[in-house]
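query.txt (compact mmCIF, C-alpha atoms and all ligand atoms) appears below.
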# COMPACT_ATOMS: atom_id res chain seq x y z
CA MET A 1 34.05 27.42 -14.09
CA ASN A 2 31.20 26.35 -16.38
CA TYR A 3 28.44 27.24 -13.88
CA ASP A 4 27.72 29.18 -10.71
CA VAL A 5 25.64 26.30 -9.36
CA ILE A 6 25.41 22.66 -10.39
CA ILE A 7 22.36 20.73 -9.19
CA ILE A 8 22.32 16.94 -9.31
CA GLY A 9 18.82 15.44 -9.52
CA ALA A 10 15.68 16.94 -11.06
CA GLY A 11 13.20 15.81 -8.41
CA PRO A 12 11.25 18.37 -6.39
CA GLY A 13 14.44 19.14 -4.40
CA GLY A 14 16.44 19.95 -7.54
CA ILE A 15 13.62 21.72 -9.37
CA PHE A 16 12.72 24.05 -6.51
CA ALA A 17 16.41 24.72 -5.80
CA ALA A 18 16.85 25.88 -9.42
CA TYR A 19 13.61 27.89 -9.27
CA GLU A 20 14.54 29.65 -6.04
CA LEU A 21 18.11 30.42 -7.10
CA LEU A 22 16.80 32.14 -10.23
CA GLN A 23 14.18 34.05 -8.26
CA LYS A 24 16.88 35.35 -5.95
CA LYS A 25 19.46 36.04 -8.66
CA PRO A 26 18.32 35.66 -12.28
CA SER A 27 21.85 36.18 -13.62
CA LEU A 28 23.13 32.91 -12.06
CA LYS A 29 24.35 30.21 -14.46
CA VAL A 30 22.68 27.04 -13.24
CA ALA A 31 22.87 23.46 -14.59
CA VAL A 32 20.75 20.46 -13.58
CA PHE A 33 22.04 16.91 -14.18
CA GLU A 34 19.39 14.18 -14.17
CA ALA A 35 19.87 10.43 -14.55
CA GLY A 36 16.41 9.96 -16.07
CA HIS A 37 14.46 11.30 -19.03
CA PRO A 38 12.75 14.64 -19.62
CA LEU A 39 9.12 14.61 -18.41
CA ASN A 40 7.55 13.93 -21.84
CA LYS A 41 9.83 10.89 -22.38
CA ARG A 42 9.05 9.28 -19.03
CA LEU A 43 6.99 6.31 -20.21
CA CYS A 44 6.57 3.07 -18.25
CA PRO A 45 6.26 0.09 -20.66
CA ILE A 46 3.57 -1.63 -18.53
CA ASP A 47 0.40 -1.38 -20.64
CA GLY A 48 -1.67 -4.01 -18.81
CA GLU A 49 -1.94 -6.13 -21.99
CA LYS A 50 1.36 -7.06 -23.63
CA ILE A 51 3.44 -6.03 -20.63
CA LYS A 52 1.64 -6.67 -17.37
CA SER A 53 4.33 -6.21 -14.77
CA CYS A 54 7.67 -4.54 -14.24
CA ILE A 55 10.37 -5.63 -16.72
CA GLY A 56 13.16 -3.90 -14.79
CA CYS A 57 14.14 -1.07 -17.18
CA LYS A 58 17.66 0.17 -16.50
CA ASN A 59 16.27 3.64 -15.99
CA CYS A 60 12.84 3.41 -14.31
CA SER A 61 10.60 6.13 -15.76
CA ILE A 62 8.39 6.02 -12.69
CA MET A 63 11.26 6.73 -10.28
CA SER A 64 13.55 9.01 -12.22
CA GLY A 65 13.52 11.87 -14.71
CA PHE A 66 12.25 15.45 -14.52
CA GLY A 67 9.86 15.57 -11.54
CA GLY A 68 11.68 12.83 -9.61
CA ALA A 69 10.12 9.90 -7.76
CA GLY A 70 6.71 11.48 -7.29
CA ALA A 71 6.12 12.80 -10.82
CA PHE A 72 3.23 10.38 -11.38
CA SER A 73 2.24 10.40 -7.75
CA ASP A 74 -1.06 11.43 -6.35
CA GLY A 75 0.37 14.93 -5.99
CA LYS A 76 -0.49 15.30 -2.33
CA TYR A 77 1.36 18.10 -0.62
CA ASN A 78 1.06 17.72 3.14
CA ILE A 79 1.47 21.05 4.91
CA THR A 80 2.49 19.96 8.39
CA ASN A 81 5.42 19.33 10.70
CA ASP A 82 3.72 16.27 12.21
CA PHE A 83 4.95 13.83 9.56
CA GLY A 84 6.65 13.57 6.19
CA GLY A 85 10.04 15.01 7.10
CA THR A 86 12.17 16.67 9.71
CA LEU A 87 12.98 20.02 8.10
CA TYR A 88 11.73 21.77 11.26
CA GLN A 89 14.63 20.28 13.22
CA TYR A 90 16.98 22.46 11.17
CA ILE A 91 15.01 25.67 10.70
CA GLY A 92 12.22 25.62 13.30
CA LYS A 93 8.54 24.75 12.93
CA LYS A 94 7.26 28.15 11.84
CA LYS A 95 9.81 28.64 9.09
CA ALA A 96 9.25 25.08 7.86
CA LEU A 97 5.48 25.68 7.62
CA ASP A 98 6.04 29.05 5.89
CA LEU A 99 8.19 27.28 3.29
CA MET A 100 5.53 24.59 2.70
CA ASN A 101 2.91 27.29 2.18
CA TYR A 102 5.29 29.10 -0.17
CA ILE A 103 5.70 25.93 -2.27
CA ASP A 104 1.93 25.53 -2.27
CA LYS A 105 1.57 29.03 -3.76
CA ILE A 106 4.12 28.19 -6.46
CA ASN A 107 2.25 24.97 -7.32
CA LEU A 108 -1.01 26.90 -7.57
CA SER A 109 0.49 29.52 -9.85
CA PHE A 110 1.97 26.84 -12.14
CA GLY A 111 -1.35 25.09 -12.84
CA GLY A 112 -2.68 23.89 -9.48
CA GLU A 113 -5.21 26.73 -9.10
CA GLY A 114 -8.65 25.42 -8.15
CA THR A 115 -7.42 22.16 -6.56
CA LYS A 116 -8.75 21.28 -3.14
CA LEU A 117 -7.06 21.88 0.23
CA TYR A 118 -8.25 19.39 2.85
CA SER A 119 -7.72 19.79 6.59
CA THR A 120 -8.01 17.71 9.74
CA ALA A 121 -8.82 20.86 11.78
CA GLY A 122 -11.99 20.27 13.79
CA SER A 123 -12.57 16.84 12.26
CA ARG A 124 -14.92 14.50 14.13
CA PHE A 125 -12.55 11.66 13.21
CA LYS A 126 -10.08 12.81 15.87
CA THR A 127 -12.41 11.73 18.68
CA LEU A 128 -13.50 8.61 16.85
CA CYS A 129 -9.87 7.56 16.38
CA ILE A 130 -8.97 8.09 20.05
CA GLN A 131 -11.96 5.96 21.06
CA HIS A 132 -10.26 3.12 19.14
CA ASP A 133 -6.75 3.79 20.45
CA LEU A 134 -5.79 5.42 17.16
CA HIS A 135 -4.41 8.94 16.66
CA LEU A 136 -5.22 11.20 13.74
CA LEU A 137 -2.31 13.57 13.01
CA ASP A 138 -2.88 17.22 12.11
CA ALA A 139 -2.31 18.36 8.55
CA SER A 140 -3.59 20.36 5.63
CA VAL A 141 -3.32 18.46 2.38
CA ARG A 142 -3.27 20.01 -1.06
CA HIS A 143 -4.41 17.37 -3.50
CA LEU A 144 -3.23 18.13 -7.01
CA GLY A 145 -3.91 14.63 -8.35
CA THR A 146 -1.67 12.67 -10.72
CA ASP A 147 -2.98 14.61 -13.74
CA ILE A 148 -2.63 18.18 -12.35
CA ASN A 149 0.71 17.29 -10.71
CA TYR A 150 1.95 16.46 -14.21
CA ILE A 151 0.68 19.78 -15.60
CA VAL A 152 2.40 21.72 -12.78
CA LEU A 153 5.67 19.93 -13.60
CA GLU A 154 5.23 20.63 -17.33
CA ASN A 155 4.72 24.34 -16.57
CA LEU A 156 7.69 24.46 -14.21
CA TYR A 157 9.84 22.88 -16.91
CA SER A 158 8.65 25.39 -19.57
CA TYR A 159 9.49 28.20 -17.15
CA LEU A 160 12.96 26.84 -16.35
CA GLU A 161 14.13 25.36 -19.64
CA ASP A 162 15.55 28.54 -21.18
CA LYS A 163 17.02 29.76 -17.88
CA VAL A 164 18.76 26.55 -16.80
CA ASP A 165 20.95 24.06 -18.69
CA PHE A 166 19.31 20.65 -18.29
CA TYR A 167 21.34 17.47 -18.90
CA PHE A 168 19.03 14.44 -19.10
CA ASN A 169 20.03 10.76 -19.20
CA ALA A 170 23.14 12.01 -17.45
CA PRO A 171 23.71 10.08 -14.22
CA VAL A 172 26.52 11.83 -12.40
CA GLU A 173 29.31 9.34 -11.71
CA SER A 174 31.47 11.35 -9.36
CA VAL A 175 31.83 14.72 -7.68
CA LYS A 176 35.30 16.10 -7.02
CA VAL A 177 36.53 19.15 -5.15
CA VAL A 178 38.49 21.41 -7.53
CA ASP A 179 40.02 24.79 -7.09
CA GLY A 180 37.16 27.24 -6.51
CA GLY A 181 34.35 24.69 -6.59
CA TYR A 182 33.32 21.23 -7.74
CA ALA A 183 33.65 19.11 -10.87
CA VAL A 184 30.97 16.59 -11.78
CA VAL A 185 31.65 13.73 -14.16
CA CYS A 186 28.89 12.15 -16.25
CA ASN A 187 28.54 10.35 -19.59
CA GLN A 188 28.32 13.73 -21.35
CA GLY A 189 31.61 15.11 -20.00
CA THR A 190 33.06 16.89 -16.98
CA TYR A 191 31.50 20.15 -15.81
CA SER A 192 32.51 22.51 -13.05
CA GLY A 193 30.53 24.78 -10.78
CA LYS A 194 31.30 27.12 -7.89
CA GLU A 195 28.62 25.42 -5.80
CA CYS A 196 27.07 21.98 -6.02
CA ILE A 197 23.68 20.86 -4.68
CA ILE A 198 23.10 17.10 -4.52
CA SER A 199 19.42 16.19 -4.38
CA VAL A 200 19.22 12.64 -5.64
CA GLY A 201 16.39 11.21 -3.52
CA ARG A 202 15.90 7.57 -2.69
CA SER A 203 17.13 6.14 -5.99
CA GLY A 204 20.42 8.03 -5.62
CA SER A 205 20.94 7.44 -1.91
CA LYS A 206 23.52 4.64 -2.31
CA TRP A 207 25.51 6.72 -4.79
CA MET A 208 25.32 9.74 -2.50
CA GLU A 209 26.69 7.66 0.38
CA LYS A 210 29.74 6.93 -1.78
CA VAL A 211 30.17 10.62 -2.67
CA CYS A 212 29.98 11.60 1.00
CA GLU A 213 32.60 9.01 1.84
CA GLU A 214 34.93 10.29 -0.90
CA LEU A 215 34.45 13.92 0.16
CA ASN A 216 34.74 13.13 3.88
CA ILE A 217 31.21 14.34 4.61
CA PRO A 218 29.88 12.65 7.76
CA THR A 219 26.55 10.81 7.38
CA GLU A 220 23.93 9.56 9.82
CA SER A 221 21.85 6.43 9.58
CA ASN A 222 18.25 7.41 8.89
CA ARG A 223 15.08 5.47 9.61
CA VAL A 224 13.67 2.93 7.20
CA ASP A 225 9.94 2.40 6.68
CA ILE A 226 8.76 -1.19 6.35
CA GLY A 227 5.21 -1.96 5.38
CA VAL A 228 2.54 -3.14 3.01
CA ARG A 229 0.13 -1.41 0.67
CA VAL A 230 -3.50 -2.16 1.48
CA GLU A 231 -6.24 -2.02 -1.14
CA LEU A 232 -9.94 -2.07 -0.35
CA PRO A 233 -13.22 -1.07 -2.00
CA ALA A 234 -13.31 2.75 -2.14
CA ALA A 235 -16.71 2.74 -0.38
CA VAL A 236 -15.15 1.27 2.80
CA PHE A 237 -12.98 4.34 3.35
CA ALA A 238 -15.20 6.94 1.64
CA HIS A 239 -16.26 8.50 4.96
CA LEU A 240 -12.59 9.28 5.69
CA THR A 241 -11.32 10.13 2.24
CA ASP A 242 -14.29 12.33 1.25
CA GLU A 243 -13.71 14.58 4.25
CA LEU A 244 -9.93 14.41 4.78
CA TYR A 245 -8.64 12.88 1.54
CA GLU A 246 -5.43 11.80 3.25
CA SER A 247 -5.49 10.76 6.88
CA LYS A 248 -2.38 9.92 8.83
CA ILE A 249 -3.56 7.63 11.60
CA VAL A 250 -1.08 6.25 14.11
CA TYR A 251 -1.26 3.49 16.67
CA ARG A 252 1.26 1.80 18.93
CA THR A 253 1.57 -1.99 18.79
CA GLU A 254 0.92 -3.76 22.07
CA LYS A 255 3.87 -6.11 22.10
CA TYR A 256 6.77 -4.02 20.77
CA GLY A 257 5.44 -0.48 21.16
CA ASP A 258 6.16 0.24 17.45
CA ARG A 259 4.36 3.24 16.00
CA VAL A 260 2.37 2.17 12.94
CA ARG A 261 0.94 4.73 10.59
CA THR A 262 -1.22 4.93 7.52
CA PHE A 263 0.59 6.64 4.69
CA CYS A 264 -0.12 7.91 1.17
CA MET A 265 -3.84 7.28 0.69
CA ASN A 266 -5.04 7.08 -2.86
CA PRO A 267 -8.82 7.27 -2.97
CA LYS A 268 -10.20 5.55 -6.08
CA GLY A 269 -6.60 5.03 -7.16
CA ALA A 270 -4.34 2.28 -8.43
CA VAL A 271 -1.38 0.39 -7.01
CA VAL A 272 1.66 0.64 -9.26
CA ASN A 273 5.05 -1.03 -9.50
CA GLU A 274 8.22 0.93 -9.02
CA ASN A 275 11.75 -0.18 -9.67
CA THR A 276 14.50 1.24 -7.48
CA ASN A 277 17.89 0.03 -8.70
CA GLY A 278 16.42 -3.34 -9.77
CA ILE A 279 14.23 -3.91 -6.69
CA ILE A 280 10.51 -3.99 -7.44
CA THR A 281 8.20 -2.47 -4.85
CA VAL A 282 4.78 -0.79 -4.96
CA ASN A 283 3.29 2.62 -4.59
CA GLY A 284 -0.05 4.30 -5.23
CA HIS A 285 -1.41 6.71 -7.82
CA SER A 286 -4.76 8.43 -8.13
CA TYR A 287 -6.30 10.92 -10.53
CA GLU A 288 -8.42 14.04 -10.08
CA ASP A 289 -10.21 13.19 -13.34
CA PRO A 290 -13.23 10.94 -12.42
CA LYS A 291 -12.86 9.08 -15.76
CA LYS A 292 -9.48 7.73 -14.63
CA GLN A 293 -10.58 6.67 -11.15
CA THR A 294 -10.98 3.05 -10.02
CA ASP A 295 -13.34 1.34 -7.55
CA ASN A 296 -10.53 0.82 -5.03
CA THR A 297 -8.75 2.95 -2.46
CA ASN A 298 -5.20 2.08 -1.44
CA PHE A 299 -2.89 3.22 1.31
CA ALA A 300 0.33 2.08 2.95
CA LEU A 301 0.67 0.78 6.51
CA LEU A 302 4.19 1.52 7.69
CA VAL A 303 6.44 1.06 10.69
CA ALA A 304 9.60 3.14 10.93
CA LYS A 305 12.75 1.46 12.21
CA HIS A 306 15.80 3.27 13.50
CA PHE A 307 18.96 1.25 13.97
CA SER A 308 21.69 2.08 16.44
CA GLU A 309 25.32 0.88 16.63
CA PRO A 310 26.83 -1.26 15.22
CA PHE A 311 24.31 -1.61 12.35
CA LYS A 312 23.98 1.51 10.20
CA ASP A 313 22.59 0.31 6.89
CA SER A 314 18.86 0.90 7.41
CA ASN A 315 18.34 1.19 3.64
CA GLY A 316 20.05 -2.18 3.19
CA TYR A 317 17.68 -3.74 5.75
CA GLY A 318 14.64 -2.43 3.84
CA GLU A 319 16.10 -3.57 0.54
CA SER A 320 16.68 -7.08 1.86
CA ILE A 321 13.01 -7.41 2.77
CA ALA A 322 11.95 -6.15 -0.66
CA ARG A 323 14.46 -8.54 -2.29
CA LEU A 324 12.97 -11.45 -0.37
CA SER A 325 9.52 -10.58 -1.70
CA ASN A 326 10.97 -10.33 -5.22
CA MET A 327 12.70 -13.68 -4.78
CA LEU A 328 9.54 -15.49 -3.69
CA GLY A 329 7.10 -13.74 -6.00
CA GLY A 330 9.29 -12.91 -9.00
CA GLY A 331 8.15 -9.34 -8.24
CA VAL A 332 5.50 -8.03 -5.90
CA ILE A 333 3.40 -10.40 -3.77
CA VAL A 334 -0.33 -9.91 -3.20
CA GLN A 335 -2.21 -11.61 -0.37
CA ARG A 336 -5.81 -11.44 0.82
CA PHE A 337 -6.07 -9.95 4.31
CA GLY A 338 -8.06 -12.94 5.55
CA ASP A 339 -5.41 -15.34 4.24
CA LEU A 340 -2.65 -13.43 6.04
CA ILE A 341 -4.57 -13.52 9.33
CA ARG A 342 -5.36 -17.24 8.92
CA GLY A 343 -1.73 -18.01 8.03
CA GLN A 344 -2.72 -19.25 4.58
CA ARG A 345 -1.05 -18.54 1.26
CA SER A 346 -3.23 -16.71 -1.31
CA THR A 347 -3.65 -18.42 -4.67
CA GLN A 348 -4.92 -16.94 -7.93
CA SER A 349 -8.28 -18.68 -7.52
CA ARG A 350 -8.67 -17.30 -3.98
CA ILE A 351 -7.83 -13.79 -5.27
CA ASP A 352 -10.39 -14.23 -8.07
CA GLU A 353 -13.06 -15.27 -5.56
CA ALA A 354 -12.65 -12.06 -3.54
CA PHE A 355 -15.16 -9.19 -3.77
CA ILE A 356 -12.31 -6.82 -4.60
CA THR A 357 -10.14 -6.98 -7.72
CA PRO A 358 -6.56 -5.78 -7.11
CA THR A 359 -5.54 -2.97 -9.47
CA LEU A 360 -2.01 -4.40 -9.75
CA ASN A 361 -1.15 -7.67 -11.40
CA ALA A 362 1.03 -9.30 -8.70
CA THR A 363 1.93 -12.85 -7.63
CA PRO A 364 -0.43 -14.38 -5.05
CA GLY A 365 1.68 -15.52 -2.11
CA ASP A 366 2.33 -15.42 1.60
CA LEU A 367 3.58 -12.16 3.11
CA SER A 368 4.39 -13.83 6.43
CA LEU A 369 7.39 -15.39 4.69
CA VAL A 370 8.66 -11.92 3.86
CA ILE A 371 7.80 -9.50 6.65
CA PRO A 372 9.54 -10.01 10.01
CA TYR A 373 7.13 -11.27 12.70
CA ARG A 374 7.51 -8.04 14.69
CA LYS A 375 6.43 -5.94 11.73
CA SER A 376 3.58 -8.23 10.75
CA LEU A 377 1.80 -7.59 14.06
CA PHE A 378 0.77 -4.15 12.92
CA VAL A 379 -1.39 -5.48 10.12
CA ARG A 380 -3.91 -6.90 12.59
CA LYS A 381 -4.95 -3.49 13.85
CA ARG A 382 -6.17 -2.73 10.36
CA GLU A 383 -9.47 -4.25 11.44
CA SER A 384 -10.05 -1.25 13.74
CA LEU A 385 -9.54 1.15 10.88
C1 LIG B 1 4.79 6.75 -6.42
C2 LIG B 1 5.17 7.82 -5.41
C3 LIG B 1 4.17 8.59 -4.89
C4 LIG B 1 4.49 9.60 -4.01
N1 LIG B 1 3.47 10.40 -3.61
C5 LIG B 1 3.75 11.47 -2.87
C6 LIG B 1 2.76 12.40 -2.58
O1 LIG B 1 1.61 12.29 -3.02
N2 LIG B 1 3.09 13.44 -1.77
C7 LIG B 1 4.36 13.60 -1.28
O2 LIG B 1 4.62 14.56 -0.55
N3 LIG B 1 5.34 12.74 -1.57
C8 LIG B 1 5.06 11.68 -2.36
N4 LIG B 1 6.06 10.82 -2.66
C9 LIG B 1 7.41 11.06 -2.14
C10 LIG B 1 8.07 12.14 -2.98
O3 LIG B 1 8.02 11.76 -4.33
C11 LIG B 1 9.51 12.32 -2.53
O4 LIG B 1 9.50 12.75 -1.20
C12 LIG B 1 10.19 13.37 -3.40
O5 LIG B 1 10.17 12.94 -4.74
C13 LIG B 1 11.61 13.59 -2.95
O6 LIG B 1 12.15 14.57 -3.78
P1 LIG B 1 13.72 14.63 -4.08
O7 LIG B 1 13.91 15.73 -5.07
O8 LIG B 1 14.44 14.68 -2.81
O9 LIG B 1 14.09 13.21 -4.72
P2 LIG B 1 13.54 12.43 -6.00
O10 LIG B 1 12.17 12.86 -6.34
O11 LIG B 1 13.80 11.00 -5.77
O12 LIG B 1 14.47 12.97 -7.17
C14 LIG B 1 15.81 12.62 -7.27
C15 LIG B 1 16.21 12.61 -8.74
O13 LIG B 1 17.62 12.45 -8.78
C16 LIG B 1 17.93 11.61 -9.88
N5 LIG B 1 19.24 10.98 -9.60
C17 LIG B 1 19.54 9.99 -8.73
N6 LIG B 1 20.86 9.70 -8.76
C18 LIG B 1 21.40 10.55 -9.69
C19 LIG B 1 22.73 10.75 -10.19
N7 LIG B 1 23.77 10.05 -9.74
N8 LIG B 1 22.91 11.68 -11.16
C20 LIG B 1 21.87 12.40 -11.65
N9 LIG B 1 20.60 12.25 -11.22
C21 LIG B 1 20.37 11.34 -10.24
C22 LIG B 1 16.81 10.61 -9.93
O14 LIG B 1 16.70 10.07 -11.23
C23 LIG B 1 15.61 11.47 -9.53
O15 LIG B 1 14.90 11.97 -10.65
C24 LIG B 1 5.80 9.80 -3.57
C25 LIG B 1 6.82 8.97 -4.05
C26 LIG B 1 6.52 8.00 -4.97
C27 LIG B 1 7.62 7.11 -5.49
Write out the structure in this file as structure tokens.
Amino acid sequence: MNYDVIIIGAGPGGIFAAYELLQKKPSLKVAVFEAGHPLNKRLCPIDGEKIKSCIGCKNCSIMSGFGGAGAFSDGKYNITNDFGGTLYQYIGKKKALDLMNYIDKINLSFGGEGTKLYSTAGSRFKTLCIQHDLHLLDASVRHLGTDINYIVLENLYSYLEDKVDFYFNAPVESVKVVDGGYAVVCNQGTYSGKECIISVGRSGSKWMEKVCEELNIPTESNRVDIGVRVELPAAVFAHLTDELYESKIVYRTEKYGDRVRTFCMNPKGAVVNENTNGIITVNGHSYEDPKKQTDNTNFALLVAKHFSEPFKDSNGYGESIARLSNMLGGGVIVQRFGDLIRGQRSTQSRIDEAFITPTLNATPGDLSLVIPYRKSLFVRKRESL
């Protein structure tokens, strides 16, 4: 066997798995295989001048490489069981919270010291939200910021690089069961390990489905989140973001009873493109450094959808909606809120007339041609926010 443990994927899952294994047993031989680049080579070609929008790189530097999908994210670490994952279903709520606090300590010791921890505890917004039929979820949020998040990742890499064998630009093609462990095949050869951890995130989910099928590992259909990213002048949301930074506010739609939530707020941030296996979608970034901040705040409005029998491919459903937007807009579509409500397509001149300038260069269009009617109903409640 080449290794004691092989880890596939160098996102937070893979990085912290390697870190923890070496804390518990420093003598372990550990390898990490990552489809993307090392952190310092993760460069998106969009420069806002020559290249203004996503050109569909084969290996998206925003989505993959050391640090995973959130490497350039806002670096918000939500310490809560109320949203963001279901780890507590496997290990209980207390243990899940203890683990989140443990990760927080590691982040602080690797460069996050001095960053702010926000909390909804005792916030006056709870009452205000309920008065408007909205519900503010409980959480503490550590905000590292895009810049400090990067530094933490750099420091984690420096700590790990001489203890772990990293294979970059090495998408694993297959995983096979061999005598005494597993063999992984990639463009750099075949390597074996006694144990194998697969932590390939969203960009690797399709591939992982295939591996599970080949290894007879049962899978369950998970939920898919459908939504839009909303951008508004930072001053409009300053009362919320100054106190809470990130607020998860939920409401239930009248007609279908869908739970709609705000997600991933980026005060004074920017909307960015991301490319997952050729499908262009958006996300948000924001910096701690005031010099890099913008005049806008952005956040996502999402509805989760669970499918039951016979349809299982929730990811495929989400992808189809994103594909439709890509088909109509040649990439991401932007629409003024007023235009969406009036049932009118946005045009470049109508975008230019607005009091807010979008931070992302996207195609003006009509989102009602993309988002299913049921899902579009949630956007209206935005007025209450
Ligand atoms: C722009 C953005 C902002 C975000 N902001 C936040 C935030 O502020 N706070 C927060 O909590 N969460 C945030 N998230 C979500 C967070 O990034 C994810 O929850 C987290 O990255 C999941 O970690 P992971 O290790 O499971 O997967 P990922 O981070 O997706 O990492 C998986 C890695 O596996 C690699 N991989 C895939 N297939 C293969 C293969 N076959 N072989 C080898 N390698 C492979 C990928 O290249 C990738 O680097 C954000 C996500 C994005 C995209």
How close does each residue of chain A get to ligand LIG 1 (chain B), giving the shortest atom pair and distance in Å to one decimal for every residue with an atom at most 7 Å away, counting all atoms listed in the file, sorted by chain and residue number, as CSV?
residue,atom,partner,partner_atom,distance
A:Ile8,CA,B:LIG1,C20,5.1
A:Gly9,CA,B:LIG1,O13,3.3
A:Ala10,CA,B:LIG1,C15,4.9
A:Gly11,CA,B:LIG1,O12,3.3
A:Pro12,CA,B:LIG1,O7,4.0
A:Gly13,CA,B:LIG1,O7,3.5
A:Gly14,CA,B:LIG1,O7,5.5
A:Phe33,CA,B:LIG1,C20,5.2
A:Glu34,CA,B:LIG1,N9,3.7
A:Ala35,CA,B:LIG1,N9,3.9
A:Gly36,CA,B:LIG1,O14,4.8
A:Met63,CA,B:LIG1,C27,6.0
A:Ser64,CA,B:LIG1,O14,3.5
A:Gly65,CA,B:LIG1,O15,4.3
A:Phe66,CA,B:LIG1,O15,5.8
A:Gly67,CA,B:LIG1,O15,6.3
A:Gly68,CA,B:LIG1,O10,3.3
A:Ala69,CA,B:LIG1,O10,3.9
A:Gly70,CA,B:LIG1,O3,3.2
A:Ala71,CA,B:LIG1,O3,6.8
A:Phe72,CA,B:LIG1,C1,6.3
A:Ser73,CA,B:LIG1,C3,3.9
A:Asp74,CA,B:LIG1,O1,4.4
A:Gly75,CA,B:LIG1,O1,4.2
A:Lys76,CA,B:LIG1,O1,3.7
A:Tyr77,CA,B:LIG1,O2,4.8
A:Asn78,CA,B:LIG1,O2,6.0
A:Ala170,CA,B:LIG1,C20,6.0
A:Pro171,CA,B:LIG1,N8,3.5
A:Val172,CA,B:LIG1,N8,3.8
A:Glu173,CA,B:LIG1,N7,5.9
A:Ser199,CA,B:LIG1,O8,5.4
A:Val200,CA,B:LIG1,O13,3.5
A:Gly201,CA,B:LIG1,O9,3.3
A:Arg202,CA,B:LIG1,O11,5.1
A:Ser203,CA,B:LIG1,C17,5.3
A:Gly204,CA,B:LIG1,N6,3.6
A:Trp207,CA,B:LIG1,N7,6.2
A:Cys264,CA,B:LIG1,O1,6.3
A:Asn283,CA,B:LIG1,C1,4.8
A:Gly284,CA,B:LIG1,C1,5.6
A:His285,CA,B:LIG1,C1,6.4
**OP:** Measure the distance from CA of Phe125 (chain A) to CA of Pro233 (chain A) in Å and round it to one decimal.
**Re:**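 Computed distance, CA of Phe125 (chain A) to CA of Pro233 (chain A), equals 19.8 Å.
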**OP:** Find the spatial neighbours of Asp82 (chain A), counting only C-alpha atoms, within a cut-off of 9 Å - ignore same-chain residues fewer than 4 positions away - and output them as a list in words.
**Re:**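 So, after excluding close chain neighbours, the residues are Thr86, Leu137, Asp138 and Ala139 of chain A.
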Original post:
Using all atoms listed in the file, what residues lie at most 10 Å away from (-6.4, -13.3, 1.3) (file coordinates), given as a ChimeraX atom specification?
Top reply: /A:334-347,350-351,353-354,364-366
Original post:
Taking into account only C-alpha atoms, which residue in the set A:Cys60, A:Leu144, A:Cys196, A:Leu367 is nearest to Val178 (chain A)?
Top reply: A:Cys196
**OP:** Work out how far apart CA of Thr120 (chain A) and CA of Gly269 (chain A) are and give it in Å to one decimal.
**Re:** 21.2 Å
Original post:
Between A:Thr359, A:Ile15, A:Val30, A:Leu240, which has the minimum distance to Ser192 (chain A) (counting only C-alpha atoms)?
Top reply: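 Closest to Ser192 (chain A), using only C-alpha atoms: A:Val30.
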